[in-house]
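Data from work16.txt: compact mmCIF, N, CA and C atoms
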# COMPACT_ATOMS: atom_id res chain seq x y z
N MET A 1 85.02 77.41 138.06
CA MET A 1 85.06 77.06 136.65
C MET A 1 83.67 77.25 136.05
N THR A 2 83.62 77.91 134.91
CA THR A 2 82.36 78.14 134.20
C THR A 2 82.33 77.30 132.93
N THR A 3 81.19 76.72 132.67
CA THR A 3 81.00 75.95 131.44
C THR A 3 79.87 76.58 130.64
N SER A 4 80.15 76.80 129.37
CA SER A 4 79.15 77.30 128.44
C SER A 4 78.50 76.10 127.76
N LEU A 5 77.20 76.15 127.59
CA LEU A 5 76.46 75.04 126.99
C LEU A 5 76.12 75.35 125.53
N ASP A 6 76.35 74.39 124.67
CA ASP A 6 75.95 74.50 123.27
C ASP A 6 74.46 74.17 123.18
N THR A 7 73.83 74.71 122.18
CA THR A 7 72.40 74.51 121.97
C THR A 7 72.03 73.03 121.92
N ASN A 8 72.85 72.25 121.23
CA ASN A 8 72.50 70.85 121.01
C ASN A 8 72.42 70.03 122.30
N VAL A 9 73.15 70.44 123.32
CA VAL A 9 73.09 69.72 124.59
C VAL A 9 71.72 69.93 125.25
N LEU A 10 71.24 71.15 125.24
CA LEU A 10 69.95 71.43 125.86
C LEU A 10 68.79 70.88 125.04
N THR A 11 68.90 70.93 123.72
CA THR A 11 67.81 70.36 122.92
C THR A 11 67.75 68.84 123.08
N ALA A 12 68.89 68.19 123.23
CA ALA A 12 68.89 66.74 123.50
C ALA A 12 68.26 66.46 124.85
N LEU A 13 68.55 67.32 125.82
CA LEU A 13 67.99 67.16 127.16
C LEU A 13 66.46 67.27 127.14
N TRP A 14 65.94 68.16 126.31
CA TRP A 14 64.51 68.42 126.27
C TRP A 14 63.71 67.36 125.52
N HIS A 15 64.37 66.49 124.79
CA HIS A 15 63.67 65.47 124.01
C HIS A 15 63.84 64.12 124.68
N PRO A 16 62.84 63.67 125.40
CA PRO A 16 62.95 62.40 126.14
C PRO A 16 63.23 61.20 125.24
N ASP A 17 62.85 61.29 123.96
CA ASP A 17 63.10 60.18 123.04
C ASP A 17 64.48 60.22 122.42
N ASP A 18 65.19 61.32 122.60
CA ASP A 18 66.53 61.45 122.04
C ASP A 18 67.46 60.48 122.76
N THR A 19 68.21 59.71 122.02
CA THR A 19 69.12 58.73 122.64
C THR A 19 70.20 59.42 123.46
N LEU A 20 70.42 60.69 123.19
CA LEU A 20 71.46 61.42 123.93
C LEU A 20 70.92 62.11 125.18
N ASN A 21 69.61 61.98 125.43
CA ASN A 21 68.99 62.66 126.57
C ASN A 21 69.70 62.35 127.89
N THR A 22 69.88 61.09 128.18
CA THR A 22 70.52 60.68 129.44
C THR A 22 71.97 61.15 129.50
N LEU A 23 72.66 61.04 128.38
CA LEU A 23 74.06 61.51 128.33
C LEU A 23 74.14 63.02 128.55
N ALA A 24 73.22 63.76 127.92
CA ALA A 24 73.21 65.21 128.08
C ALA A 24 72.94 65.59 129.54
N LYS A 25 71.97 64.94 130.16
CA LYS A 25 71.65 65.23 131.55
C LYS A 25 72.84 64.94 132.46
N SER A 26 73.48 63.81 132.25
CA SER A 26 74.65 63.44 133.05
C SER A 26 75.79 64.43 132.87
N ALA A 27 76.03 64.85 131.63
CA ALA A 27 77.10 65.80 131.35
C ALA A 27 76.82 67.16 131.97
N ILE A 28 75.58 67.61 131.88
CA ILE A 28 75.19 68.89 132.49
C ILE A 28 75.35 68.82 134.01
N ASP A 29 74.89 67.73 134.60
CA ASP A 29 75.03 67.56 136.05
C ASP A 29 76.51 67.58 136.46
N SER A 30 77.36 66.92 135.70
CA SER A 30 78.79 66.90 136.01
C SER A 30 79.40 68.29 135.92
N GLU A 31 79.04 69.02 134.87
CA GLU A 31 79.58 70.37 134.71
C GLU A 31 79.05 71.31 135.79
N MET A 32 77.81 71.09 136.22
CA MET A 32 77.24 71.92 137.27
C MET A 32 78.02 71.74 138.58
N LEU A 33 78.53 70.53 138.82
CA LEU A 33 79.33 70.29 140.01
C LEU A 33 80.67 71.02 139.95
N ARG A 34 81.14 71.30 138.74
CA ARG A 34 82.41 72.01 138.54
C ARG A 34 82.28 73.51 138.78
N GLY A 35 81.06 74.04 138.56
CA GLY A 35 80.87 75.48 138.70
C GLY A 35 79.64 75.97 137.98
N LYS A 36 79.70 77.20 137.55
CA LYS A 36 78.58 77.89 136.94
C LYS A 36 78.36 77.43 135.49
N LEU A 37 77.07 77.42 135.09
CA LEU A 37 76.70 77.11 133.71
C LEU A 37 76.12 78.37 133.06
N VAL A 38 76.52 78.59 131.80
CA VAL A 38 76.02 79.75 131.06
C VAL A 38 75.68 79.34 129.64
N VAL A 39 74.89 80.17 128.99
CA VAL A 39 74.70 80.12 127.55
C VAL A 39 74.94 81.53 127.02
N CYS A 40 75.33 81.60 125.77
CA CYS A 40 75.53 82.91 125.14
C CYS A 40 74.26 83.27 124.34
N PRO A 41 74.15 84.51 123.90
CA PRO A 41 72.93 84.94 123.19
C PRO A 41 72.55 84.09 121.97
N PRO A 42 73.51 83.65 121.13
CA PRO A 42 73.09 82.80 120.01
C PRO A 42 72.43 81.50 120.47
N VAL A 43 72.90 80.93 121.56
CA VAL A 43 72.27 79.71 122.10
C VAL A 43 70.86 80.04 122.57
N PHE A 44 70.70 81.13 123.29
CA PHE A 44 69.37 81.54 123.74
C PHE A 44 68.43 81.67 122.55
N ALA A 45 68.88 82.34 121.49
CA ALA A 45 68.05 82.54 120.30
C ALA A 45 67.70 81.21 119.63
N GLU A 46 68.67 80.31 119.53
CA GLU A 46 68.40 79.00 118.92
C GLU A 46 67.42 78.19 119.77
N LEU A 47 67.54 78.29 121.08
CA LEU A 47 66.61 77.57 121.96
C LEU A 47 65.18 78.09 121.80
N VAL A 48 65.03 79.41 121.70
CA VAL A 48 63.70 79.99 121.52
C VAL A 48 63.11 79.55 120.18
N ALA A 49 63.97 79.39 119.17
CA ALA A 49 63.51 79.02 117.83
C ALA A 49 63.18 77.53 117.69
N ALA A 50 63.55 76.73 118.70
CA ALA A 50 63.29 75.28 118.62
C ALA A 50 61.78 75.03 118.57
N PRO A 51 61.37 74.00 117.84
CA PRO A 51 59.94 73.70 117.74
C PRO A 51 59.30 73.51 119.11
N GLY A 52 58.17 74.17 119.30
CA GLY A 52 57.42 74.02 120.53
C GLY A 52 57.96 74.81 121.71
N ARG A 53 58.94 75.65 121.48
CA ARG A 53 59.54 76.44 122.57
C ARG A 53 59.13 77.90 122.44
N THR A 54 59.06 78.56 123.56
CA THR A 54 58.78 80.00 123.57
C THR A 54 59.86 80.69 124.39
N GLU A 55 59.92 81.97 124.23
CA GLU A 55 60.89 82.75 125.00
C GLU A 55 60.65 82.60 126.49
N SER A 56 59.39 82.63 126.90
CA SER A 56 59.10 82.50 128.33
C SER A 56 59.48 81.11 128.85
N PHE A 57 59.26 80.06 128.04
CA PHE A 57 59.68 78.72 128.45
C PHE A 57 61.19 78.66 128.65
N VAL A 58 61.94 79.19 127.68
CA VAL A 58 63.41 79.15 127.76
C VAL A 58 63.89 79.94 128.97
N GLU A 59 63.34 81.12 129.19
CA GLU A 59 63.74 81.93 130.35
C GLU A 59 63.43 81.19 131.65
N TYR A 60 62.27 80.59 131.74
CA TYR A 60 61.89 79.84 132.94
C TYR A 60 62.83 78.67 133.15
N PHE A 61 63.06 77.88 132.10
CA PHE A 61 63.94 76.72 132.20
C PHE A 61 65.34 77.13 132.66
N LEU A 62 65.92 78.12 132.01
CA LEU A 62 67.27 78.55 132.37
C LEU A 62 67.33 79.06 133.80
N GLY A 63 66.38 79.91 134.15
CA GLY A 63 66.35 80.46 135.51
C GLY A 63 66.16 79.39 136.56
N ASN A 64 65.25 78.46 136.29
CA ASN A 64 64.97 77.38 137.22
C ASN A 64 66.15 76.41 137.34
N SER A 65 66.93 76.31 136.28
CA SER A 65 68.08 75.40 136.26
C SER A 65 69.37 76.06 136.76
N GLY A 66 69.30 77.35 137.00
CA GLY A 66 70.50 78.06 137.45
C GLY A 66 71.49 78.34 136.33
N ILE A 67 71.02 78.29 135.10
CA ILE A 67 71.87 78.58 133.94
C ILE A 67 71.69 80.04 133.58
N GLU A 68 72.79 80.76 133.55
CA GLU A 68 72.75 82.19 133.24
C GLU A 68 72.94 82.44 131.75
N VAL A 69 72.37 83.54 131.27
CA VAL A 69 72.65 83.99 129.91
C VAL A 69 73.68 85.10 130.02
N ASP A 70 74.82 84.92 129.38
CA ASP A 70 75.86 85.94 129.33
C ASP A 70 75.59 86.78 128.08
N TRP A 71 74.82 87.84 128.25
CA TRP A 71 74.31 88.62 127.13
C TRP A 71 75.37 89.43 126.41
N HIS A 72 76.51 89.65 127.01
CA HIS A 72 77.49 90.57 126.43
C HIS A 72 78.43 89.86 125.46
N LEU A 73 78.31 90.19 124.19
CA LEU A 73 79.24 89.70 123.17
C LEU A 73 80.05 90.89 122.68
N ASP A 74 81.22 91.07 123.25
CA ASP A 74 82.03 92.24 122.90
C ASP A 74 82.85 92.01 121.63
N GLU A 75 83.52 93.06 121.22
CA GLU A 75 84.26 93.03 119.96
C GLU A 75 85.24 91.87 119.82
N PRO A 76 86.05 91.54 120.84
CA PRO A 76 86.97 90.41 120.67
C PRO A 76 86.27 89.09 120.36
N ILE A 77 85.07 88.89 120.87
CA ILE A 77 84.31 87.67 120.56
C ILE A 77 83.91 87.68 119.10
N TRP A 78 83.39 88.79 118.62
CA TRP A 78 82.98 88.88 117.21
C TRP A 78 84.17 88.69 116.28
N ARG A 79 85.31 89.26 116.64
CA ARG A 79 86.51 89.12 115.80
C ARG A 79 87.01 87.68 115.79
N ALA A 80 87.03 87.03 116.94
CA ALA A 80 87.47 85.63 117.00
C ALA A 80 86.52 84.74 116.20
N ALA A 81 85.23 85.00 116.30
CA ALA A 81 84.24 84.23 115.53
C ALA A 81 84.44 84.46 114.04
N ALA A 82 84.67 85.71 113.65
CA ALA A 82 84.87 86.04 112.24
C ALA A 82 86.10 85.33 111.67
N ARG A 83 87.19 85.34 112.41
CA ARG A 83 88.42 84.68 111.93
C ARG A 83 88.21 83.17 111.81
N ALA A 84 87.57 82.56 112.80
CA ALA A 84 87.34 81.11 112.75
C ALA A 84 86.38 80.75 111.63
N PHE A 85 85.34 81.55 111.44
CA PHE A 85 84.37 81.29 110.37
C PHE A 85 85.03 81.46 109.00
N GLN A 86 85.91 82.45 108.89
CA GLN A 86 86.64 82.68 107.65
C GLN A 86 87.51 81.47 107.30
N ARG A 87 88.24 80.95 108.28
CA ARG A 87 89.09 79.77 108.05
C ARG A 87 88.23 78.56 107.64
N TYR A 88 87.13 78.37 108.34
CA TYR A 88 86.22 77.26 108.03
C TYR A 88 85.69 77.39 106.60
N ALA A 89 85.21 78.58 106.23
CA ALA A 89 84.63 78.78 104.90
C ALA A 89 85.69 78.57 103.81
N ALA A 90 86.89 79.06 104.03
CA ALA A 90 87.97 78.88 103.04
C ALA A 90 88.30 77.40 102.89
N ALA A 91 88.41 76.67 103.98
CA ALA A 91 88.71 75.24 103.92
C ALA A 91 87.59 74.48 103.23
N ARG A 92 86.37 74.86 103.49
CA ARG A 92 85.21 74.21 102.87
C ARG A 92 85.24 74.42 101.36
N ARG A 93 85.57 75.65 100.93
CA ARG A 93 85.65 75.94 99.49
C ARG A 93 86.77 75.14 98.83
N ARG A 94 87.92 75.04 99.51
CA ARG A 94 89.06 74.29 98.96
C ARG A 94 88.70 72.81 98.77
N ARG A 95 87.94 72.26 99.69
CA ARG A 95 87.57 70.84 99.63
C ARG A 95 86.34 70.59 98.78
N SER A 96 85.68 71.63 98.34
CA SER A 96 84.39 71.49 97.64
C SER A 96 83.46 70.62 98.48
N ASP A 97 83.46 70.91 99.77
CA ASP A 97 82.71 70.12 100.75
C ASP A 97 81.21 70.21 100.50
N GLN A 98 80.58 69.07 100.38
CA GLN A 98 79.14 69.00 100.17
C GLN A 98 78.39 68.60 101.44
N GLY A 99 79.11 68.41 102.56
CA GLY A 99 78.49 68.01 103.81
C GLY A 99 77.70 69.15 104.43
N PRO A 100 77.15 68.92 105.62
CA PRO A 100 76.36 69.97 106.27
C PRO A 100 77.21 71.20 106.54
N ARG A 101 76.61 72.34 106.35
CA ARG A 101 77.31 73.61 106.58
C ARG A 101 77.15 74.06 108.01
N ARG A 102 78.18 74.66 108.52
CA ARG A 102 78.13 75.30 109.84
C ARG A 102 77.63 76.72 109.62
N ILE A 103 77.02 77.28 110.65
CA ILE A 103 76.53 78.65 110.56
C ILE A 103 77.32 79.54 111.51
N LEU A 104 77.23 80.84 111.29
CA LEU A 104 77.98 81.79 112.10
C LEU A 104 77.71 81.62 113.59
N ALA A 105 76.49 81.27 113.96
CA ALA A 105 76.16 81.10 115.38
C ALA A 105 77.09 80.10 116.05
N ASP A 106 77.46 79.03 115.33
CA ASP A 106 78.38 78.04 115.91
C ASP A 106 79.71 78.69 116.29
N PHE A 107 80.18 79.57 115.46
CA PHE A 107 81.46 80.22 115.70
C PHE A 107 81.36 81.29 116.79
N LEU A 108 80.21 81.90 116.91
CA LEU A 108 79.99 82.83 118.03
C LEU A 108 79.96 82.07 119.35
N ILE A 109 79.34 80.90 119.35
CA ILE A 109 79.28 80.06 120.56
C ILE A 109 80.69 79.67 120.99
N GLY A 110 81.50 79.22 120.04
CA GLY A 110 82.88 78.83 120.34
C GLY A 110 83.74 80.01 120.76
N ALA A 111 83.62 81.12 120.05
CA ALA A 111 84.42 82.31 120.37
C ALA A 111 84.05 82.87 121.74
N HIS A 112 82.77 82.84 122.07
CA HIS A 112 82.31 83.31 123.37
C HIS A 112 82.98 82.51 124.49
N ALA A 113 82.93 81.19 124.37
CA ALA A 113 83.53 80.34 125.41
C ALA A 113 85.05 80.56 125.47
N LEU A 114 85.69 80.62 124.32
CA LEU A 114 87.14 80.80 124.28
C LEU A 114 87.56 82.12 124.91
N ARG A 115 86.96 83.20 124.47
CA ARG A 115 87.36 84.55 124.94
C ARG A 115 87.03 84.75 126.42
N ARG A 116 86.01 84.10 126.92
CA ARG A 116 85.64 84.23 128.34
C ARG A 116 86.44 83.26 129.22
N GLY A 117 87.14 82.33 128.60
CA GLY A 117 87.90 81.34 129.38
C GLY A 117 87.02 80.24 129.95
N TYR A 118 85.89 79.99 129.31
CA TYR A 118 84.96 78.97 129.75
C TYR A 118 85.27 77.64 129.06
N ARG A 119 84.80 76.57 129.62
CA ARG A 119 84.76 75.28 128.94
C ARG A 119 83.50 75.29 128.07
N LEU A 120 83.45 74.44 127.05
CA LEU A 120 82.26 74.35 126.21
C LEU A 120 81.77 72.91 126.19
N LEU A 121 80.54 72.70 126.63
CA LEU A 121 79.90 71.39 126.61
C LEU A 121 79.07 71.28 125.34
N THR A 122 79.35 70.27 124.52
CA THR A 122 78.69 70.16 123.23
C THR A 122 78.59 68.71 122.76
N LEU A 123 77.66 68.47 121.86
CA LEU A 123 77.57 67.19 121.17
C LEU A 123 78.41 67.21 119.90
N ASP A 124 78.94 68.36 119.57
CA ASP A 124 79.61 68.59 118.30
C ASP A 124 81.06 69.01 118.52
N ALA A 125 81.81 68.22 119.25
CA ALA A 125 83.16 68.61 119.66
C ALA A 125 84.11 68.86 118.50
N GLY A 126 83.98 68.12 117.42
CA GLY A 126 84.92 68.22 116.30
C GLY A 126 85.07 69.61 115.73
N ILE A 127 83.96 70.27 115.45
CA ILE A 127 84.02 71.60 114.85
C ILE A 127 84.65 72.61 115.80
N TYR A 128 84.34 72.50 117.08
CA TYR A 128 84.89 73.46 118.04
C TYR A 128 86.38 73.23 118.29
N ARG A 129 86.79 71.98 118.35
CA ARG A 129 88.22 71.69 118.53
C ARG A 129 89.02 72.15 117.32
N SER A 130 88.45 71.99 116.15
CA SER A 130 89.13 72.40 114.92
C SER A 130 89.18 73.93 114.80
N ALA A 131 88.08 74.58 115.07
CA ALA A 131 88.00 76.04 114.87
C ALA A 131 88.65 76.83 116.01
N PHE A 132 88.68 76.26 117.20
CA PHE A 132 89.20 76.97 118.38
C PHE A 132 90.15 76.07 119.16
N PRO A 133 91.38 75.88 118.66
CA PRO A 133 92.31 74.94 119.28
C PRO A 133 92.60 75.21 120.77
N GLY A 134 92.49 76.44 121.21
CA GLY A 134 92.76 76.76 122.61
C GLY A 134 91.58 76.56 123.53
N LEU A 135 90.43 76.20 122.98
CA LEU A 135 89.20 76.05 123.76
C LEU A 135 89.15 74.67 124.42
N THR A 136 88.77 74.63 125.68
CA THR A 136 88.54 73.36 126.35
C THR A 136 87.13 72.88 125.99
N VAL A 137 87.07 71.83 125.21
CA VAL A 137 85.79 71.29 124.73
C VAL A 137 85.49 70.01 125.49
N VAL A 138 84.29 69.95 126.04
CA VAL A 138 83.82 68.75 126.74
C VAL A 138 82.76 68.12 125.87
N ALA A 139 83.04 66.92 125.39
CA ALA A 139 82.11 66.22 124.50
C ALA A 139 81.12 65.39 125.30
N VAL A 140 79.88 65.44 124.89
CA VAL A 140 78.85 64.59 125.48
C VAL A 140 78.92 63.25 124.80
In C-alpha cells, what does this structure look like?
Amino acid sequence: MTTSLDTNVLTALWHPDDTLNTLAKSAIDSEMLRGKLVVCPPVFAELVAAPGRTESFVEYFLGNSGIEVDWHLDEPIWRAAARAFQRYAAARRRRSDQGPRRILADFLIGAHALRRGYRLLTLDAGIYRSAFPGLTVVAV
C-alpha cells in the first residue's frame, strides 16, 4: 500500500511549535508501516517554497526519510484535477463563497493519489473527500 503525503502534513511535522506536529509524526509513522510513502511534484514545489526551506533541504529530508517523489503527472491526472477544480470553482461561484480559496495544486495532489490508487494523508480531509469521492483519505 502506498500513501501520498499532502504538503500540510510535512510542514506541520517540520514546525516543532505546531500543535499538529506530534499528530503528523504519528500519522506518518503509521502510514510508513503500511507501505511506501510518496509526494507528487506540486507537494515537492510547495515544500521548497516554504519559509526557510531549500531544494537541497527538501531532497535530503525526503531521501533520508524514505519518501519518494513520483515525478510523473500524466494526462489522466491533469484531466481529473481539471474536472475536480472546475466543479469546485463552479460551486464556489454559486455560493458566493468568501472563505479561503483552494488552488490548483490541491486538486493535482488529490488527482495524483486517486489516479495512482494511493491513499492520501492530509490535515485537510474535507476538500479531498468532497472533490475526489473515490479517494481514500486519511485525516491527521
Nearby residues (only N, CA and C atoms) at most 7 Å from Pro42 (chain A), same-chain spacing under 3 positions excluded, as JSON, numbers by chain: {"A": [39, 45, 46, 47, 105, 108, 109]}
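The residues of region 89-135 of chain A that DSSP classifies as alpha helix (DSSP H), using the backbone of this structure, are Ala89, Ala90, Ala91, Arg92, Arg93, Arg94, Arg95, Leu104, Ala105, Asp106, Phe107, Leu108, Ile109, Gly110, Ala111, His112, Ala113, Leu114, Arg115, Arg116, Ala125, Gly126, Ile127, Tyr128, Arg129, Ser130 and Ala131 of chain A.
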Val137 (chain A) environment, 10 Å, only C-alpha atoms, sequence neighbours closer than 4 positions dropped, as a count of residues only: 18
Non-local contacts of Lys36 (chain A) (12 Å; only C-alpha atoms; under 5 positions in same chain excluded) as a PyMOL selection string: chain A and resi 1-5+28-31+65-70+118-120
Of the listed residues A:Arg53, A:Lys25, A:His112, A:His15, that which approaches Ala81 (chain A) most closely, counting only N, CA and C atoms: A:His112
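In terms of minimum interatomic distance to Gly134 (chain A), A:Ala80 ranks closest within A:Ala90, A:Ala24, A:Ala80, A:Leu104, counting only C-alpha atoms.
Atom to atom, CA of Ala139 (chain A) and atom N of Arg95 (chain A) stand 26.2 Å apart.
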Atomic separation - CA of Ile77 (chain A) relative to CA of Gly117 (chain A), Å: 11.4 Å
Shell of 6.5 Å around Ala84 (chain A), only N, CA and C atoms, local chain residues under 5 positions omitted, as a ChimeraX atom specification: /A:79,89,107,131
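Interatomic distance, atom N of Ala111 (chain A) to atom C of Ser96 (chain A): 24.0 Å.
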